[in-house]
Amino acid sequence: MASKCSILLLLIVDLLLQLSASSALHPSSKILPRKPCRNLVFYFHDIIYNGKNSHNATSAIVGTPKWGNKTILAGQNHFGDLVVFDDPITLDNNLHSTPVGRAQGLYVYDKKEIFTAWLGFSFVFNSTSHSGSINFAGADPLMNKTRDISVIGGTGDFFMARGIATLMTDAFEGEVYFRLRVDINLYECW
């Protein structure tokens, strides 16, 4: 009797495994797009040091190619320039609005042929609405109207957050100031 039960159990397990493998190979339903568990929009304002604006600069060139210098972005689409920043984050596009935190990190211009950069930064919040940080990393092809970078984690209110941040250049003034709109869609919220 025990051997018949064992054989029956093995047949059931085998059948379940075959059904599982079959459905994995031939899914019968489409995967529906996930909806974000949280959506946030912020603006960050970058004022790069140019040798004359030390009183209000929020970023500085800390590395340059051999032909560059640390007060003027290099030619050839700024290739090789490494910039660190500590920029104010606001809820609207006004530089003089009360900051809700700081965007802190770096970007490096990484291609000679076109304007493109790689970003690694955090939004560090200091407001009563938000506490903690959101961490970002990814390629930023600057000539595209919108660019997506990865949300790779967070702390506090954004503990272990995962998602996508869509960047849009909202304004720029020469090579001294730019403002980015950051539309954050979190798909993992704790």
# chains A, B, ... in the order shown; residues from 1 in each chain; ligands from 1
>>> select_by_dssp(residues="stretch 20-160 of chain A", states="strand (DSSP E or B)", output="ChimeraX atom specification")
/A:38-48,59-63,82-90,101-109,117-126,131-140,146-156
>>> residues_around(residues="A:Ile48", least_positions_apart="2", cutoff="10 Å", atoms="only C-alpha atoms", output="list of chain:residue names")
A:His45, A:Asp46, A:Asn50, A:Gly51, A:Asn53, A:Ser54, A:Asn56, A:Ala57, A:Thr58, A:Ser59, A:Ala60, A:Ile61, A:Thr71, A:Ile72, A:Leu73, A:Val83, A:Val84, A:Phe85, A:Asp87, A:Glu175, A:Val176, A:Tyr177, A:Phe178
>>> write_last_selection(atoms="C-alpha atoms", output="PDB file, in the first residue's frame")
ATOM      1  CA  HIS A  45      19.151  73.029 -10.194  1.00  0.00           C
ATOM      2  CA  ASP A  46      22.832  72.746 -11.135  1.00  0.00           C
ATOM      3  CA  ASN A  50      33.090  78.808 -13.763  1.00  0.00           C
ATOM      4  CA  GLY A  51      35.837  80.691 -11.928  1.00  0.00           C
ATOM      5  CA  ASN A  53      30.518  82.339  -9.342  1.00  0.00           C
ATOM      6  CA  SER A  54      31.874  80.664  -6.208  1.00  0.00           C
ATOM      7  CA  ASN A  56      26.316  80.394  -5.684  1.00  0.00           C
ATOM      8  CA  ALA A  57      27.944  77.436  -7.503  1.00  0.00           C
ATOM      9  CA  THR A  58      26.482  74.045  -6.579  1.00  0.00           C
ATOM     10  CA  SER A  59      28.798  71.897  -8.698  1.00  0.00           C
ATOM     11  CA  ALA A  60      32.447  71.834  -9.700  1.00  0.00           C
ATOM     12  CA  ILE A  61      34.646  70.128 -12.268  1.00  0.00           C
ATOM     13  CA  THR A  71      36.810  76.050 -14.536  1.00  0.00           C
ATOM     14  CA  ILE A  72      35.636  75.583 -18.126  1.00  0.00           C
ATOM     15  CA  LEU A  73      34.059  72.425 -19.508  1.00  0.00           C
ATOM     16  CA  VAL A  83      31.635  66.976 -12.117  1.00  0.00           C
ATOM     17  CA  VAL A  84      30.487  66.593  -8.509  1.00  0.00           C
ATOM     18  CA  PHE A  85      27.357  68.361  -7.333  1.00  0.00           C
ATOM     19  CA  ASP A  87      22.250  70.851  -5.944  1.00  0.00           C
ATOM     20  CA  GLU A 175      27.303  75.914 -19.673  1.00  0.00           C
ATOM     21  CA  VAL A 176      26.737  77.407 -16.233  1.00  0.00           C
ATOM     22  CA  TYR A 177      23.161  76.475 -15.234  1.00  0.00           C
ATOM     23  CA  PHE A 178      20.716  73.708 -15.995  1.00  0.00           C
TER      24      PHE A 178
END
>>> atom_distance(atom1="atom CA of A:Asp157", atom2="atom CA of A:Ile47")
28.0 Å
>>> atom_distance(atom1="atom CA of A:Gln76", atom2="atom CA of A:Glu113")
7.1 Å
>>> closest_residue(among="A:Ser131, A:Leu180, A:Asn185, A:Phe115", to="A:Leu91", atoms="only C-alpha atoms")
A:Leu180
>>> residues_around(residues="A:Leu82", least_positions_apart="4", cutoff="7 Å", atoms="only C-alpha atoms", output="PyMOL selection string")
chain A and resi 61-64+107-109
>>> write_last_selection(atoms="N, CA, C and O atoms", output="tab-separated table (two decimals), in the first residue's frame")
chain	number	residue	atom	x	y	z
A	61	ILE	N	33.88	71.09	-11.48
A	61	ILE	CA	34.65	70.13	-12.27
A	61	ILE	C	35.80	69.66	-11.39
A	61	ILE	O	36.60	70.48	-10.93
A	62	VAL	N	35.89	68.37	-11.14
A	62	VAL	CA	36.96	67.84	-10.30
A	62	VAL	C	37.94	66.98	-11.07
A	62	VAL	O	38.99	66.62	-10.55
A	63	GLY	N	37.60	66.63	-12.31
A	63	GLY	CA	38.49	65.86	-13.16
A	63	GLY	C	38.31	66.31	-14.59
A	63	GLY	O	37.20	66.61	-15.02
A	64	THR	N	39.43	66.38	-15.31
A	64	THR	CA	39.37	66.83	-16.71
A	64	THR	C	40.32	65.99	-17.56
A	64	THR	O	41.26	65.40	-17.04
A	107	TYR	N	28.52	63.40	-12.22
A	107	TYR	CA	28.28	63.01	-13.60
A	107	TYR	C	29.59	63.14	-14.35
A	107	TYR	O	30.42	63.98	-14.04
A	108	VAL	N	29.76	62.26	-15.32
A	108	VAL	CA	30.96	62.26	-16.14
A	108	VAL	C	30.53	62.23	-17.59
A	108	VAL	O	29.68	61.45	-17.98
A	109	TYR	N	31.07	63.18	-18.37
A	109	TYR	CA	30.80	63.21	-19.81
A	109	TYR	C	31.62	62.09	-20.45
A	109	TYR	O	32.84	62.07	-20.33
>>> closest_residue(among="A:Gly68, A:Gly174, A:Pro141, A:Gly132", to="A:Thr155", atoms="only C-alpha atoms")
A:Gly132
>>> atom_distance(atom1="atom CA of A:Leu142", atom2="atom CA of A:Ile164")
16.8 Å
>>> residues_around(residues="A:Ile184", least_positions_apart="3", cutoff="7 Å", atoms="only C-alpha atoms", output="NGL selection string")
:A and (39-41 or 164-166)
>>> closest_residue(among="A:Ile89, A:Val100, A:Leu119, A:Ala139", to="A:Arg181", atoms="only C-alpha atoms")
A:Ile89
>>> closest_residue(among="A:Phe125, A:Tyr187, A:Phe158, A:Tyr43", to="A:Ser97", atoms="only C-alpha atoms")
A:Tyr43
>>> residues_around(residues="A:Asp110", least_positions_apart="4", cutoff="9 Å", atoms="only C-alpha atoms", output="PyMOL selection string")
chain A and resi 77-81+115-118
>>> closest_residue(among="A:Phe172, A:Phe159, A:Phe42, A:Trp190", to="A:Phe123", atoms="only C-alpha atoms")
A:Phe42
>>> closest_residue(among="A:Pro99, A:Pro88, A:Gly153, A:Lys111", to="A:Ala74", atoms="only C-alpha atoms")
A:Lys111
